[in-house]
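For reference, final.cif is printed below; it contains mmCIF, C-alpha atoms.
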data_start
#
loop_
_atom_site.label_atom_id
_atom_site.label_comp_id
_atom_site.auth_asym_id
_atom_site.auth_seq_id
_atom_site.Cartn_x
_atom_site.Cartn_y
_atom_site.Cartn_z
CA MET L 9 -28.84 99.03 129.19
CA THR L 10 -27.85 102.15 131.08
CA GLU L 11 -27.95 102.64 134.81
CA VAL L 12 -28.81 106.05 136.14
CA GLN L 13 -28.58 107.05 139.78
CA ALA L 14 -31.67 108.88 140.93
CA GLY L 15 -30.91 112.05 142.88
CA GLU L 16 -29.47 111.79 146.34
CA ARG L 17 -31.17 108.58 147.38
CA PRO L 18 -28.57 105.88 147.98
CA ASP L 19 -31.24 103.19 148.18
CA VAL L 20 -32.48 103.74 144.62
CA ALA L 21 -31.34 102.39 141.26
CA VAL L 22 -32.94 103.41 137.99
CA LEU L 23 -32.20 101.08 135.09
CA ARG L 24 -32.97 102.35 131.65
CA ILE L 25 -33.59 99.74 128.95
CA GLU L 26 -32.61 100.77 125.44
CA GLY L 27 -33.68 98.77 122.39
CA ARG L 28 -35.00 95.23 122.67
CA LEU L 29 -35.22 93.26 125.90
CA THR L 30 -35.26 89.61 124.84
CA MET L 31 -33.63 86.28 125.65
CA VAL L 32 -30.42 87.80 124.27
CA ASN L 33 -29.95 90.43 126.99
CA ALA L 34 -32.39 89.34 129.72
CA PRO L 35 -29.51 87.76 131.71
CA ALA L 36 -27.72 91.15 131.70
CA LEU L 37 -30.79 92.83 133.20
CA ARG L 38 -31.01 90.10 135.85
CA ALA L 39 -27.35 90.70 136.72
CA SER L 40 -27.75 94.49 136.86
CA VAL L 41 -30.71 94.28 139.24
CA GLY L 42 -28.83 91.74 141.37
CA GLU L 43 -25.80 94.03 141.62
CA ALA L 44 -27.93 97.03 142.55
CA VAL L 45 -29.78 95.11 145.26
CA GLU L 46 -26.55 93.69 146.68
CA ALA L 47 -25.15 97.22 146.82
CA GLY L 48 -28.09 98.25 148.99
CA ARG L 49 -30.08 99.99 146.27
CA THR L 50 -33.16 97.92 146.92
CA THR L 51 -35.70 100.26 145.35
CA VAL L 52 -35.25 99.54 141.67
CA VAL L 53 -37.07 101.34 138.88
CA ILE L 54 -36.96 99.95 135.36
CA ASP L 55 -37.41 102.81 132.90
CA LEU L 56 -38.87 101.30 129.72
CA ALA L 57 -39.41 104.45 127.65
CA ALA L 58 -36.73 103.43 125.15
CA CYS L 59 -37.52 99.70 125.19
CA THR L 60 -38.71 98.97 121.66
CA PHE L 61 -39.65 95.33 122.24
CA MET L 62 -39.88 92.95 125.18
CA ASP L 63 -40.40 89.18 125.08
CA SER L 64 -41.30 86.67 127.80
CA SER L 65 -37.62 86.23 128.73
CA GLY L 66 -37.29 89.96 129.34
CA LEU L 67 -40.46 89.89 131.39
CA GLY L 68 -39.10 86.91 133.33
CA ALA L 69 -35.94 88.88 134.14
CA ILE L 70 -38.07 91.75 135.49
CA VAL L 71 -40.05 89.31 137.65
CA GLY L 72 -36.75 87.87 138.88
CA GLY L 73 -35.61 91.38 139.75
CA LEU L 74 -38.86 92.03 141.60
CA LYS L 75 -38.30 88.94 143.73
CA ALA L 76 -34.67 89.85 144.44
CA ALA L 77 -35.61 93.40 145.47
CA ARG L 78 -38.44 92.23 147.70
CA GLN L 79 -36.27 89.59 149.37
CA ALA L 80 -33.89 92.41 150.29
CA GLY L 81 -36.75 94.41 151.79
CA GLY L 82 -37.16 96.69 148.77
CA ASP L 83 -39.28 96.77 145.66
CA LEU L 84 -39.05 96.89 141.88
CA ARG L 85 -41.28 99.17 139.84
CA ILE L 86 -41.70 99.78 136.14
CA ALA L 87 -42.16 103.15 134.45
CA ARG L 88 -42.89 104.71 131.07
CA LEU L 89 -44.07 101.60 129.22
CA THR L 90 -44.30 101.58 125.45
CA PRO L 91 -47.51 100.13 123.95
CA GLN L 92 -45.69 96.88 123.09
CA VAL L 93 -44.42 96.35 126.62
CA ARG L 94 -47.85 97.18 128.01
CA THR L 95 -49.44 94.63 125.66
CA VAL L 96 -47.06 91.87 126.82
CA LEU L 97 -47.79 92.77 130.44
CA GLU L 98 -51.54 92.62 129.85
CA LEU L 99 -51.48 89.40 127.80
CA THR L 100 -49.61 87.67 130.62
CA ASN L 101 -51.81 89.21 133.35
CA LEU L 102 -48.72 90.60 135.02
CA ASP L 103 -50.10 94.13 135.11
CA ARG L 104 -51.63 92.96 138.40
CA VAL L 105 -48.16 92.32 139.85
CA LEU L 106 -46.13 95.02 138.11
CA ARG L 107 -48.24 98.15 138.12
CA PRO L 108 -47.14 100.53 135.34
CA HIS L 109 -46.16 104.08 136.35
CA ASP L 110 -46.27 107.03 133.97
CA THR L 111 -42.98 108.55 135.16
CA VAL L 112 -39.87 107.44 137.03
CA GLU L 113 -40.77 109.92 139.77
CA ALA L 114 -44.23 108.39 140.14
CA ALA L 115 -42.65 104.95 140.35
CA LEU L 116 -40.37 106.14 143.15
CA ASP L 117 -43.26 107.73 145.02
CA GLY L 118 -45.85 105.02 144.47
CA GLY L 119 -45.95 101.43 145.60
CA MET F 22 -42.15 92.93 96.64
CA ALA F 23 -45.21 90.93 95.69
CA ALA F 24 -47.09 89.74 98.73
CA ASP F 25 -47.15 86.11 97.68
CA LEU F 26 -43.36 85.80 97.45
CA GLY F 27 -43.01 86.54 101.13
CA TYR F 28 -39.96 87.24 103.23
CA ARG F 29 -37.58 84.40 103.94
CA LEU F 30 -34.72 83.83 106.35
CA THR F 31 -32.44 80.88 107.05
CA THR F 32 -30.18 81.27 110.05
CA PRO F 33 -28.56 79.24 112.84
CA ALA F 34 -31.06 78.52 115.62
CA VAL F 35 -29.19 80.50 118.29
CA PRO F 36 -30.49 83.43 120.37
CA GLN F 37 -28.23 85.87 118.54
CA SER F 38 -30.31 85.21 115.41
CA LEU F 39 -33.36 86.76 117.06
CA ASP F 40 -32.34 90.18 115.78
CA LEU F 41 -32.60 88.82 112.22
CA VAL F 42 -36.21 87.80 112.88
CA HIS F 43 -37.00 91.36 113.98
CA GLU F 44 -35.19 92.76 110.94
CA LEU F 45 -37.13 90.48 108.61
CA LEU F 46 -40.36 91.84 110.06
CA GLU F 47 -39.12 95.40 109.67
CA SER F 48 -38.61 94.66 105.97
CA ALA F 49 -42.10 93.18 105.74
CA TRP F 50 -43.70 96.26 107.34
CA ALA F 51 -41.67 98.58 105.13
CA GLY F 52 -43.09 96.75 102.13
CA HIS F 53 -46.61 96.76 103.59
CA PRO F 54 -47.17 100.03 105.43
CA ASP F 55 -50.91 99.36 105.49
CA VAL F 56 -50.60 96.65 108.17
CA ALA F 57 -52.10 97.99 111.41
CA VAL F 58 -49.73 98.69 114.29
CA GLU F 59 -51.64 96.37 116.63
CA ASP F 60 -51.42 93.51 114.13
CA ARG F 61 -47.66 94.04 113.64
CA MET F 62 -47.10 94.13 117.39
CA ARG F 63 -49.04 90.96 118.18
CA PHE F 64 -47.57 89.06 115.23
CA GLU F 65 -44.05 90.05 116.30
CA ILE F 66 -44.73 88.97 119.89
CA ALA F 67 -45.86 85.51 118.75
CA LEU F 68 -43.00 85.10 116.26
CA THR F 69 -40.40 86.03 118.84
CA GLU F 70 -41.77 83.54 121.36
CA VAL F 71 -41.86 80.68 118.86
CA ALA F 72 -38.37 81.56 117.59
CA GLY F 73 -37.14 81.63 121.19
CA ASN F 74 -38.71 78.24 121.82
CA ILE F 75 -36.98 76.75 118.77
CA MET F 76 -33.65 78.26 119.83
CA GLU F 77 -33.99 76.89 123.34
CA HIS F 78 -34.80 73.40 122.08
CA ALA F 79 -31.96 73.51 119.59
CA ALA F 80 -29.50 74.49 122.31
CA GLY F 81 -27.24 71.81 123.70
CA GLY F 82 -26.66 69.85 120.53
CA GLU F 83 -25.04 70.88 117.30
CA VAL F 84 -26.15 74.23 115.89
CA LEU F 85 -29.00 73.75 113.46
CA ASP F 86 -30.58 76.11 111.00
CA LEU F 87 -34.11 77.37 111.18
CA THR F 88 -36.05 78.71 108.24
CA LEU F 89 -38.68 81.40 108.54
CA LEU F 90 -41.13 82.46 105.87
CA VAL F 91 -43.38 85.45 106.51
CA ARG F 92 -46.25 86.30 104.21
CA VAL F 93 -48.34 89.44 104.36
CA LEU F 94 -51.72 88.58 102.87
CA GLU F 95 -54.84 90.66 102.69
CA PRO F 96 -56.83 88.86 105.34
CA ARG F 97 -53.96 87.66 107.52
CA LEU F 98 -50.28 87.68 108.47
CA GLU F 99 -48.72 84.24 108.30
CA ALA F 100 -45.38 82.87 109.43
CA ARG F 101 -43.93 79.41 109.02
CA PHE F 102 -40.88 78.15 110.88
CA GLU F 103 -39.07 74.93 109.99
CA ASP F 104 -36.13 73.37 111.78
CA SER F 105 -34.49 69.97 111.95
CA GLY F 106 -33.96 69.96 115.71
CA PRO F 107 -35.29 67.31 118.06
CA GLN F 108 -39.04 67.00 118.39
CA ALA F 109 -40.22 70.06 120.30
CA GLY F 110 -42.53 68.05 122.56
CA VAL F 111 -44.89 70.96 123.06
CA ASP F 112 -48.55 70.73 123.89
CA LEU F 113 -49.95 74.03 122.77
CA GLU F 114 -53.40 73.25 124.11
CA SER F 115 -52.01 73.01 127.62
CA ALA F 116 -49.72 76.04 127.33
CA THR F 117 -51.07 78.11 130.20
CA LEU F 118 -49.61 80.98 132.15
CA PRO F 119 -47.53 79.97 135.18
CA ASP F 120 -47.72 81.57 138.63
CA ASP F 121 -47.36 85.34 138.74
CA LEU F 122 -43.86 85.16 140.21
CA ALA F 123 -42.53 82.47 137.86
CA GLU F 124 -39.49 83.67 135.95
CA SER F 125 -40.04 81.52 132.85
CA GLY F 126 -42.63 79.38 131.11
CA ARG F 127 -44.83 82.13 129.66
CA GLY F 128 -43.61 82.07 126.07
CA LEU F 129 -46.08 79.83 124.27
CA ALA F 130 -49.05 80.96 126.34
CA LEU F 131 -48.15 84.55 125.41
CA ALA F 132 -47.83 83.60 121.74
CA ARG F 133 -51.26 81.95 121.76
CA ARG F 134 -52.86 84.98 123.38
CA ALA F 135 -51.23 87.41 120.95
CA VAL F 136 -52.49 85.86 117.70
CA GLU F 137 -55.35 83.74 116.36
CA GLU F 138 -53.32 80.63 115.60
CA VAL F 139 -50.11 78.99 116.75
CA ALA F 140 -49.73 75.46 115.39
CA TYR F 141 -46.93 72.94 115.73
CA TRP F 142 -46.47 69.63 114.00
CA ARG F 143 -43.69 67.18 113.26
CA GLU F 144 -43.24 65.82 109.76
CA GLY F 145 -40.42 63.33 109.23
CA ALA F 146 -37.37 64.87 110.87
CA THR F 147 -38.66 68.42 110.63
CA ASN F 148 -40.47 70.62 113.14
CA HIS F 149 -43.10 72.92 111.64
CA TRP F 150 -44.72 75.96 113.22
CA ARG F 151 -47.42 78.15 111.76
CA ILE F 152 -48.46 81.49 113.23
CA VAL F 153 -51.48 83.37 111.93
CA ARG F 154 -52.66 86.84 112.86
CA VAL F 155 -56.01 87.79 111.31
CA ARG F 156 -55.65 91.41 110.23
CA SER F 157 -57.83 94.07 111.81
CA PRO F 158 -60.45 95.62 109.53
CA ARG F 159 -59.25 98.85 107.98
#
Any chance you could give the structure as structure tokens?
Amino acid sequence: MTEVQAGERPDVAVLRIEGRLTMVNAPALRASVGEAVEAGRTTVVIDLAACTFMDSSGLGAIVGGLKAARQAGGDLRIARLTPQVRTVLELTNLDRVLRPHDTVEAALDGG
Amino acid sequence: MAADLGYRLTTPAVPQSLDLVHELLESAWAGHPDVAVEDRMRFEIALTEVAGNIMEHAAGGEVLDLTLLVRVLEPRLEARFEDSGPQAGVDLESATLPDDLAESGRGLALARRAVEEVAYWREGATNHWRIVRVRSPR
């Protein structure tokens, strides 16, 4: 998992997931989002372009991050979903809660 | 590899073994490139959730092994898990999705939605799981 700062905005954190996001590394994602939010970067974008596989634990960590960001007055958005991640989102009906964005920029602009 | 021999794995039922489940499937797809991408994806989703469930239930006590057998057949993809952990105590029929903002509890509902069959039964001291994905017409 790599964190990338987005431009000049100090309130933004972009987290790029590389490889699988499963019960093995879901706690690390939870921790990364928590650290970002605590540091005041309450608009969090999860970039999933390089995420090859996500399970329900990974999805749970993203939902946890969404709640943490919202509690801090911010938001969490997801961008550049692979077909597998999109399928998991749809099968769990969470595409209603986590609207997919085509680009990181669109995620930053959109709600 | 002949389809009926299948792909087999025995490994400790700990989360770190999940990568081996994915690798086993990669071997299966390499041997059967004709399996549709959608079928592979949904089968892998269900397998990962069931494996995760077994690993969670096995946690806490001594480390136990789980065995996985994957078979790529013409009409369907089939996986069987066996482990000697405590009885899983799952009710697949009532495995429904939790609230939108729940952070856990989606695994088995997701598995059931991804494939045509997820079955669990206990036989003696062994937990059995069977996962079936009916292959898409070519």
Q.
Give me, as number ranges by chain, the residues of chain L touching chain F, with the criterion being at most 12 Å (counting all atoms listed in the file).
A. L: 27-35, 38, 60-76, 78, 90-106
Q: Kindly give the distance, in Å, that separates atom CA of F:Arg156 and atom CA of F:Glu138, rounded to a single decimal.
A: 12.3 Å
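Taken over the whole file, the PyMOL selection byres ((chain L and resi 83) around 8) covers exactly Thr50, Thr51, Val52, Leu74, Ala77, Arg78, Gly81, Gly82, Leu84 and Arg85 of chain L.
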Any chance you could export the current selection's C-alpha atoms as a PDB file, keeping the file's coordinate frame?
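Result written to again.pdb:
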ATOM      1  CA  THR L  50     -33.160  97.920 146.920  1.00  0.00           C
ATOM      2  CA  THR L  51     -35.700 100.260 145.350  1.00  0.00           C
ATOM      3  CA  VAL L  52     -35.250  99.540 141.670  1.00  0.00           C
ATOM      4  CA  LEU L  74     -38.860  92.030 141.600  1.00  0.00           C
ATOM      5  CA  ALA L  77     -35.610  93.400 145.470  1.00  0.00           C
ATOM      6  CA  ARG L  78     -38.440  92.230 147.700  1.00  0.00           C
ATOM      7  CA  GLY L  81     -36.750  94.410 151.790  1.00  0.00           C
ATOM      8  CA  GLY L  82     -37.160  96.690 148.770  1.00  0.00           C
ATOM      9  CA  LEU L  84     -39.050  96.890 141.880  1.00  0.00           C
ATOM     10  CA  ARG L  85     -41.280  99.170 139.840  1.00  0.00           C
TER      11      ARG L  85
END
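Interatomic distance, atom CA of F:Val71 against atom CA of F:Ala57: 21.4 Å.
Comparing the minimum interatomic distances between L:Arg49 and each of L:Ile86, L:Ile25, L:Ala80, L:Leu37, counting only C-alpha atoms, we find that L:Ala80 sits nearest.
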**Q.** Which of F:Val139, F:Ala51, F:Asn148, F:Asn74 sits closest to F:Gly106 [using all atoms listed in the file]
**A.** F:Asn148
